[in-house]
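**Student:** Provided herewith is a single structure, encoded as structure tokens, for subsequent inquiry.
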Amino acid sequence: MKFKLFAIGACAMALAACDMNAQSPDMLKGKHFVANQPDATIVLSFAPDEMRVNGKVVNLYNGGYTADGNNIKFDGFASTMMMGEPNAMAAETEYFQFMPTVETYELRDGILTLTASDGKEIVFTMVETYDTVNGVDGYYGTYFAIEIIEKAVKTEVAIDETTAAKEEK
């Protein structure tokens, strides 16, 4: 009798351990990741409240994804079209070609591994939330907000007395 109870208990613990390793799309929501590649740093952020991603390689990008268990599919990517260093541009092109081929993901101990249909992988490291980056508040996973704020801070408006006088009349 004790052996049967032990066997049932061991089976229950084994099943529970399997569930602890299960992947859930909710694990990705609101998380930010960085992959340091030889020619570029890739930022990938998952929106906290919808199935959307955004980030930056050379250009800013965003898109959608669907996920079920450890299966994931990215689609509908759009990006800005700025030029950069040739090697970084090549890395970005490769990344944008890779993302639609991703079939599975694994998030374990802060490491996100995306695996494509051909077995190619990109490994990301989870980073702290981007609520504040370089002293800029309100940054939620995209460099776009920082660039706008930086440009606004650096932009000076010069109004001469003639312009001010015309505006008063």
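Every chain in the structure tokens has a letter given in the order shown (A, B, ...), and although residue numbers restart at 1 in each chain, ligands are simply numbered from 1 in the order shown.
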Report as a list in words all protein, DNA and RNA residues lying within 8 Å of Ile122 of chain A, evaluated on only C-alpha atoms, omitting residues in the same chain fewer than 3 positions from it.
**Tutor:** Ala35, Thr113, Leu114 and Thr115 of chain A
**Student:** Go ahead and write the residues just picked, C-alpha atoms, as a PDB file, in the first residue's frame.
**Tutor:**
ATOM      1  CA  ALA A  35      20.000  40.369 -28.385  1.00  0.00           C
ATOM      2  CA  THR A 113      15.030  31.833 -27.514  1.00  0.00           C
ATOM      3  CA  LEU A 114      13.179  32.240 -30.800  1.00  0.00           C
ATOM      4  CA  THR A 115      13.525  29.268 -33.146  1.00  0.00           C
TER       5      THR A 115
END
**Student:** For Thr101 of chain A, which residue out of A:Phe46, A:Tyr65, A:Phe124, A:Phe74 is the nearest one, using only C-alpha atoms?
**Tutor:** A:Phe74
**Student:** List as a PyMOL selection string the protein and nucleic acid residues near Val57 of chain A, meaning an atom at most 12 Å away when only C-alpha atoms are counted, but skip any in the same chain fewer than 2 places from it.
**Tutor:** chain A and resi 34-37+39-45+54-55+59-62+79-85+87-96+142-143
**Student:** Please write the residues from the selection above to a file, keeping C-alpha atoms, as a PDB file, in the first residue's frame.
**Tutor:**
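Dumped to part.pdb:
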ATOM      1  CA  VAL A  34      17.892  42.533 -26.072  1.00  0.00           C
ATOM      2  CA  ALA A  35      20.000  40.369 -28.385  1.00  0.00           C
ATOM      3  CA  ASN A  36      23.554  41.578 -28.824  1.00  0.00           C
ATOM      4  CA  GLN A  37      24.526  40.443 -32.294  1.00  0.00           C
ATOM      5  CA  ASP A  39      26.828  43.912 -35.995  1.00  0.00           C
ATOM      6  CA  ALA A  40      23.762  45.249 -34.178  1.00  0.00           C
ATOM      7  CA  THR A  41      21.831  45.212 -30.933  1.00  0.00           C
ATOM      8  CA  ILE A  42      18.265  44.018 -31.389  1.00  0.00           C
ATOM      9  CA  VAL A  43      15.576  45.277 -29.016  1.00  0.00           C
ATOM     10  CA  LEU A  44      12.303  43.318 -28.843  1.00  0.00           C
ATOM     11  CA  SER A  45       9.452  44.420 -26.570  1.00  0.00           C
ATOM     12  CA  ASN A  54       7.977  46.732 -31.130  1.00  0.00           C
ATOM     13  CA  GLY A  55      11.656  47.465 -30.946  1.00  0.00           C
ATOM     14  CA  ASN A  59      15.152  51.252 -37.508  1.00  0.00           C
ATOM     15  CA  LEU A  60      12.159  51.243 -35.217  1.00  0.00           C
ATOM     16  CA  TYR A  61       9.679  48.480 -35.939  1.00  0.00           C
ATOM     17  CA  ASN A  62       6.381  47.069 -34.756  1.00  0.00           C
ATOM     18  CA  SER A  79       9.499  49.842 -39.757  1.00  0.00           C
ATOM     19  CA  THR A  80      10.979  53.237 -40.289  1.00  0.00           C
ATOM     20  CA  MET A  81      13.395  53.463 -43.198  1.00  0.00           C
ATOM     21  CA  MET A  82      16.525  55.193 -41.929  1.00  0.00           C
ATOM     22  CA  MET A  83      19.974  54.284 -43.184  1.00  0.00           C
ATOM     23  CA  GLY A  84      22.706  53.003 -40.920  1.00  0.00           C
ATOM     24  CA  GLU A  85      26.083  51.333 -41.000  1.00  0.00           C
ATOM     25  CA  ASN A  87      26.831  45.788 -41.394  1.00  0.00           C
ATOM     26  CA  ALA A  88      24.041  46.908 -39.069  1.00  0.00           C
ATOM     27  CA  MET A  89      21.651  47.278 -42.026  1.00  0.00           C
ATOM     28  CA  ALA A  90      22.524  43.735 -43.138  1.00  0.00           C
ATOM     29  CA  ALA A  91      21.869  42.441 -39.607  1.00  0.00           C
ATOM     30  CA  GLU A  92      18.520  44.240 -39.573  1.00  0.00           C
ATOM     31  CA  THR A  93      17.529  42.765 -42.954  1.00  0.00           C
ATOM     32  CA  GLU A  94      18.439  39.301 -41.712  1.00  0.00           C
ATOM     33  CA  TYR A  95      16.393  39.834 -38.526  1.00  0.00           C
ATOM     34  CA  PHE A  96      13.341  41.054 -40.469  1.00  0.00           C
ATOM     35  CA  THR A 142      10.322  51.675 -28.049  1.00  0.00           C
ATOM     36  CA  TYR A 143      13.077  54.095 -28.855  1.00  0.00           C
TER      37      TYR A 143
END
**Student:** Restricting the calculation to only C-alpha atoms, which member of A:Asp109, A:Glu121, A:Glu103, A:Asp75 is positioned closest to Met27 of chain A?
**Tutor:**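 With only C-alpha atoms as the atom set, the closest residue is A:Asp109.
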**Student:** Skip Arg108 of chain A itself and residues of its chain fewer than 6 positions away, then list as a PDB file with N, CA and C atoms, in the first residue's frame all residues within 12 Å of it, counting only C-alpha atoms.
**Tutor:**
ATOM      1  N   MET A  20       5.388  23.255 -14.785  1.00  0.00           N
ATOM      2  CA  MET A  20       6.258  24.375 -14.437  1.00  0.00           C
ATOM      3  C   MET A  20       7.110  24.794 -15.629  1.00  0.00           C
ATOM      4  N   ASN A  21       7.374  23.874 -16.552  1.00  0.00           N
ATOM      5  CA  ASN A  21       8.179  24.175 -17.727  1.00  0.00           C
ATOM      6  C   ASN A  21       7.329  24.630 -18.908  1.00  0.00           C
ATOM      7  N   ALA A  22       5.997  24.600 -18.769  1.00  0.00           N
ATOM      8  CA  ALA A  22       5.104  24.968 -19.862  1.00  0.00           C
ATOM      9  C   ALA A  22       5.267  26.453 -20.185  1.00  0.00           C
ATOM     10  N   GLN A  23       5.194  26.755 -21.470  1.00  0.00           N
ATOM     11  CA  GLN A  23       5.303  28.130 -21.924  1.00  0.00           C
ATOM     12  C   GLN A  23       3.897  28.715 -22.068  1.00  0.00           C
ATOM     13  N   SER A  24       3.759  29.963 -21.743  1.00  0.00           N
ATOM     14  CA  SER A  24       2.484  30.658 -21.865  1.00  0.00           C
ATOM     15  C   SER A  24       2.744  32.027 -22.484  1.00  0.00           C
ATOM     16  N   MET A  27       3.537  35.032 -20.385  1.00  0.00           N
ATOM     17  CA  MET A  27       4.895  35.232 -19.861  1.00  0.00           C
ATOM     18  C   MET A  27       5.637  36.319 -20.639  1.00  0.00           C
ATOM     19  N   LEU A  28       5.231  36.572 -21.881  1.00  0.00           N
ATOM     20  CA  LEU A  28       5.914  37.535 -22.746  1.00  0.00           C
ATOM     21  C   LEU A  28       5.384  38.957 -22.576  1.00  0.00           C
ATOM     22  N   ASN A  70       4.052  26.975 -26.674  1.00  0.00           N
ATOM     23  CA  ASN A  70       5.373  27.483 -27.053  1.00  0.00           C
ATOM     24  C   ASN A  70       5.455  27.805 -28.548  1.00  0.00           C
ATOM     25  N   LEU A 114      14.109  32.363 -29.686  1.00  0.00           N
ATOM     26  CA  LEU A 114      13.179  32.240 -30.800  1.00  0.00           C
ATOM     27  C   LEU A 114      13.795  31.280 -31.799  1.00  0.00           C
ATOM     28  N   VAL A 123      18.850  34.411 -29.607  1.00  0.00           N
ATOM     29  CA  VAL A 123      18.719  34.356 -28.155  1.00  0.00           C
ATOM     30  C   VAL A 123      18.742  35.779 -27.609  1.00  0.00           C
ATOM     31  N   PHE A 124      17.711  36.105 -26.848  1.00  0.00           N
ATOM     32  CA  PHE A 124      17.559  37.425 -26.235  1.00  0.00           C
ATOM     33  C   PHE A 124      17.699  37.299 -24.724  1.00  0.00           C
ATOM     34  N   THR A 125      18.126  38.376 -24.103  1.00  0.00           N
ATOM     35  CA  THR A 125      18.193  38.460 -22.652  1.00  0.00           C
ATOM     36  C   THR A 125      17.163  39.466 -22.178  1.00  0.00           C
ATOM     37  N   MET A 126      16.376  39.088 -21.170  1.00  0.00           N
ATOM     38  CA  MET A 126      15.383  40.014 -20.637  1.00  0.00           C
ATOM     39  C   MET A 126      16.092  41.173 -19.944  1.00  0.00           C
TER      40      MET A 126
END
**Student:** What residues in segment 79-125 of chain A get the DSSP label helix (DSSP H, G or I)? Please answer as a ChimeraX atom specification.
**Tutor:** /A:86-101
**Student:** Can you write just those residues out, all heavy atoms, as a compact mmCIF listing (two decimals), in the first residue's frame?
**Tutor:**
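Resulting contents of result.txt:
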# COMPACT_ATOMS: atom_id res chain seq x y z
N PRO A 86 26.49 49.83 -42.91
CA PRO A 86 26.16 48.69 -43.78
C PRO A 86 26.03 47.35 -43.05
O PRO A 86 25.10 46.59 -43.33
CB PRO A 86 27.32 48.66 -44.79
CG PRO A 86 27.78 50.08 -44.84
CD PRO A 86 27.61 50.61 -43.43
N ASN A 87 26.92 47.07 -42.13
CA ASN A 87 26.83 45.79 -41.39
C ASN A 87 25.59 45.73 -40.51
O ASN A 87 24.95 44.69 -40.39
CB ASN A 87 28.08 45.55 -40.56
CG ASN A 87 29.30 45.24 -41.41
OD1 ASN A 87 29.19 44.98 -42.60
ND2 ASN A 87 30.46 45.28 -40.79
N ALA A 88 25.24 46.86 -39.90
CA ALA A 88 24.04 46.91 -39.07
C ALA A 88 22.79 46.78 -39.93
O ALA A 88 21.82 46.11 -39.54
CB ALA A 88 24.01 48.20 -38.26
N MET A 89 22.79 47.39 -41.10
CA MET A 89 21.65 47.28 -42.03
C MET A 89 21.48 45.83 -42.48
O MET A 89 20.36 45.32 -42.58
CB MET A 89 21.83 48.20 -43.23
CG MET A 89 21.78 49.69 -42.89
SD MET A 89 20.21 50.23 -42.17
CE MET A 89 19.08 49.88 -43.50
N ALA A 90 22.59 45.15 -42.74
CA ALA A 90 22.52 43.74 -43.14
C ALA A 90 21.97 42.88 -42.00
O ALA A 90 21.15 41.98 -42.23
CB ALA A 90 23.90 43.24 -43.56
N ALA A 91 22.38 43.18 -40.77
CA ALA A 91 21.87 42.44 -39.61
C ALA A 91 20.37 42.69 -39.44
O ALA A 91 19.61 41.76 -39.14
CB ALA A 91 22.62 42.85 -38.35
N GLU A 92 19.94 43.92 -39.67
CA GLU A 92 18.52 44.24 -39.57
C GLU A 92 17.71 43.49 -40.64
O GLU A 92 16.66 42.91 -40.35
CB GLU A 92 18.30 45.74 -39.72
CG GLU A 92 16.84 46.14 -39.66
CD GLU A 92 16.65 47.62 -39.79
OE1 GLU A 92 16.70 48.13 -40.95
OE2 GLU A 92 16.46 48.28 -38.75
N THR A 93 18.21 43.48 -41.87
CA THR A 93 17.53 42.77 -42.95
C THR A 93 17.40 41.29 -42.61
O THR A 93 16.33 40.68 -42.78
CB THR A 93 18.29 42.95 -44.29
OG1 THR A 93 18.31 44.34 -44.61
CG2 THR A 93 17.66 42.16 -45.41
N GLU A 94 18.46 40.71 -42.10
CA GLU A 94 18.44 39.30 -41.71
C GLU A 94 17.42 39.05 -40.60
O GLU A 94 16.67 38.07 -40.63
CB GLU A 94 19.83 38.86 -41.26
CG GLU A 94 19.94 37.39 -40.97
CD GLU A 94 21.35 36.97 -40.58
OE1 GLU A 94 22.33 37.62 -41.00
OE2 GLU A 94 21.46 35.99 -39.83
N TYR A 95 17.35 39.95 -39.63
CA TYR A 95 16.39 39.83 -38.53
C TYR A 95 14.96 39.92 -39.04
O TYR A 95 14.10 39.11 -38.68
CB TYR A 95 16.67 40.93 -37.49
CG TYR A 95 15.67 41.00 -36.37
CD1 TYR A 95 15.59 39.99 -35.41
CD2 TYR A 95 14.82 42.09 -36.24
CE1 TYR A 95 14.68 40.07 -34.36
CE2 TYR A 95 13.91 42.17 -35.19
CZ TYR A 95 13.85 41.16 -34.27
OH TYR A 95 12.95 41.23 -33.24
N PHE A 96 14.69 40.90 -39.93
CA PHE A 96 13.34 41.05 -40.47
C PHE A 96 12.95 39.86 -41.35
O PHE A 96 11.77 39.54 -41.45
CB PHE A 96 13.20 42.36 -41.24
CG PHE A 96 13.15 43.59 -40.35
CD1 PHE A 96 13.55 44.81 -40.84
CD2 PHE A 96 12.71 43.53 -39.04
CE1 PHE A 96 13.50 45.95 -40.04
CE2 PHE A 96 12.66 44.65 -38.23
CZ PHE A 96 13.05 45.87 -38.73
N GLN A 97 13.91 39.20 -41.97
CA GLN A 97 13.62 37.99 -42.74
C GLN A 97 13.42 36.79 -41.81
O GLN A 97 12.65 35.87 -42.12
CB GLN A 97 14.74 37.71 -43.74
CG GLN A 97 14.78 38.71 -44.87
CD GLN A 97 16.01 38.57 -45.75
OE1 GLN A 97 16.98 37.89 -45.40
NE2 GLN A 97 16.00 39.26 -46.89
N PHE A 98 14.12 36.80 -40.69
CA PHE A 98 14.03 35.71 -39.72
C PHE A 98 12.68 35.69 -39.00
O PHE A 98 12.08 34.62 -38.82
CB PHE A 98 15.18 35.87 -38.70
CG PHE A 98 15.06 35.00 -37.48
CD1 PHE A 98 15.43 33.66 -37.52
CD2 PHE A 98 14.60 35.53 -36.27
CE1 PHE A 98 15.33 32.86 -36.39
CE2 PHE A 98 14.50 34.73 -35.14
CZ PHE A 98 14.86 33.40 -35.20
N MET A 99 12.20 36.84 -38.56
CA MET A 99 11.03 36.90 -37.69
C MET A 99 9.79 36.19 -38.25
O MET A 99 9.13 35.46 -37.51
CB MET A 99 10.72 38.34 -37.29
CG MET A 99 11.75 38.93 -36.34
SD MET A 99 11.96 38.00 -34.81
CE MET A 99 10.56 38.59 -33.87
N PRO A 100 9.44 36.34 -39.53
CA PRO A 100 8.25 35.62 -40.02
C PRO A 100 8.43 34.10 -40.07
O PRO A 100 7.45 33.37 -40.22
CB PRO A 100 8.04 36.17 -41.44
CG PRO A 100 8.82 37.43 -41.51
CD PRO A 100 9.94 37.28 -40.53
N THR A 101 9.65 33.61 -39.95
CA THR A 101 9.90 32.17 -40.00
C THR A 101 9.93 31.54 -38.61
O THR A 101 10.04 30.31 -38.49
CB THR A 101 11.22 31.85 -40.73
OG1 THR A 101 12.32 32.31 -39.93
CG2 THR A 101 11.27 32.49 -42.11
